[in-house]
Amino acid sequence: MNNNAALFPSYFNKKEFLKMNKPNGDGDLKFYPADDESRFLESLKTQPEDWYYRTKDITYKLNSYGYRTQEFNTIKWTDSIVLFGCSCTFGIGVDEDETISHYLSQITGRPVINMGWPGGSNMSMLMNSSVLLQKQKVPYAVVFLWSTTDRFIMFTDLGIHNVGPWDMEENRKYQKHIYSHNEIYTKAFEGINYFSENETVHAHFANEFAKSMWKDKTKFITGTFFGSTAEMINVDLKFSIDNGARDLIHNGRHANLKAADSLAYLIKNYGRKNLL
């Protein structure tokens, strides 16, 4: 097997996922969990007539590992900028040409690899970062867009599960295959996040570990869309979520373009003093 092909862990069963989320004719998705068709139909009732997404179609193009980027064995990593992040990086509720990765690629003229993992934790970013280094793939630049600090990964007999606030919900709409584990995930979430100090320490060391991984290897940029995270981690950039995506929860195209502009500036001027 080509080493590139198995770079990152697959976080979903693609066959099952596609069946659950109604792919169009070529296998891409029109909707995605958290940006599903029922939410869209409800939004049509409440949003103004000129709402952008009333007529704007969205396509989610996923590679064979579930990431919103090209197949790993086609990537020239040394020329690329890699974005590690959660659903904000992935681009829930925006089209392919409205993601941070698309805008950043347009601005910099470089391939930008979208390693956003919906529901992903800071630990999931470290995990993927570690795998990349193990395979001796050093990108032109790496960007960590840190998520909220109340998430973590559980490795189970059913595969990887991203534990987060959603595990407190009674109705698990999208992950029917793990209903039997819901009580375990809920208890784990309550236990891990019982002490706020625990979140703070984990957040601090996630940033320190990432920094150590990439020190003297490539350009290393950090940012976050979450104010609570910015209070715990000294990041390079703080963004805001404008709820402008189709799901009315995630960052929309304007926020994504603004984030890409800021990231492009720091990448271009990396190493210079007094930038911020």
# chains A, B, ... in the order shown; residues from 1 in each chain; ligands from 1
$ residues_around --residues "range 152-157 of chain A" --least-positions-apart "3" --cutoff "8 Å" --atoms "only C-alpha atoms" --output "compact mmCIF listing (two decimals) with C-alpha atoms, in the first residue's frame"
# COMPACT_ATOMS: atom_id res chain seq x y z
CA GLY A 120 -13.18 16.85 16.45
CA SER A 121 -11.27 17.68 19.59
CA ASN A 122 -7.87 19.25 20.07
CA MET A 123 -6.60 15.74 20.73
CA SER A 124 -7.81 14.62 17.31
CA ILE A 160 -13.44 6.43 17.06
CA HIS A 161 -16.06 8.59 18.77
CA ASN A 162 -15.65 12.31 19.37
CA VAL A 163 -17.13 12.97 22.80
CA GLY A 164 -18.63 16.41 23.36
$ select_by_dssp --residues "range 85-184 of chain A" --states "strand (DSSP E or B)" --output "PyMOL selection string"
chain A and resi 85+112-116+141-146+152-156+159-163
$ residues_around --residues "range 125-137 of chain A" --least-positions-apart "3" --cutoff "10 Å" --atoms "only C-alpha atoms" --output "PyMOL selection string"
chain A and resi 3-4+6-9+76-78+82-86+115-117+120-122+140+142+144-147+153+206-207+209-210+213-214
$ select_by_dssp --residues "range 79-239 of chain A" --states "alpha helix (DSSP H)" --output "VMD selection string"
chain A and resid 87 to 90 100 to 108 122 to 134 182 to 192 196 to 214 227 to 230
$ closest_residue --among "A:Lys187, A:Arg68, A:His204, A:Lys238" --to "His102 in chain A" --atoms "only C-alpha atoms"
A:Arg68
$ residues_around --residues "range 256-264 of chain A" --least-positions-apart "2" --cutoff "7 Å" --atoms "only C-alpha atoms" --output "PyMOL selection string"
chain A and resi 99-100+103-104+107-108+239+251-254+266-268
$ write_last_selection --atoms "C-alpha atoms" --output "mmCIF file, in the first residue's frame"
data_model
loop_
_atom_site.group_PDB
_atom_site.id
_atom_site.type_symbol
_atom_site.label_atom_id
_atom_site.label_comp_id
_atom_site.auth_asym_id
_atom_site.auth_seq_id
_atom_site.Cartn_x
_atom_site.Cartn_y
_atom_site.Cartn_z
ATOM 1 C CA THR A 99 -14.364 27.011 3.025
ATOM 2 C CA ILE A 100 -11.314 28.486 4.723
ATOM 3 C CA TYR A 103 -10.021 30.839 0.164
ATOM 4 C CA LEU A 104 -6.557 30.310 1.641
ATOM 5 C CA ILE A 107 -4.910 33.792 -1.747
ATOM 6 C CA THR A 108 -1.605 31.955 -1.334
ATOM 7 C CA PHE A 239 -11.752 34.589 14.869
ATOM 8 C CA ASN A 251 -19.169 30.313 10.343
ATOM 9 C CA GLY A 252 -20.284 31.377 6.888
ATOM 10 C CA ARG A 253 -18.397 32.389 3.784
ATOM 11 C CA HIS A 254 -17.637 35.925 4.953
ATOM 12 C CA LEU A 266 0.777 35.424 9.014
ATOM 13 C CA ILE A 267 2.040 32.626 6.785
ATOM 14 C CA LYS A 268 3.554 35.078 4.314
#
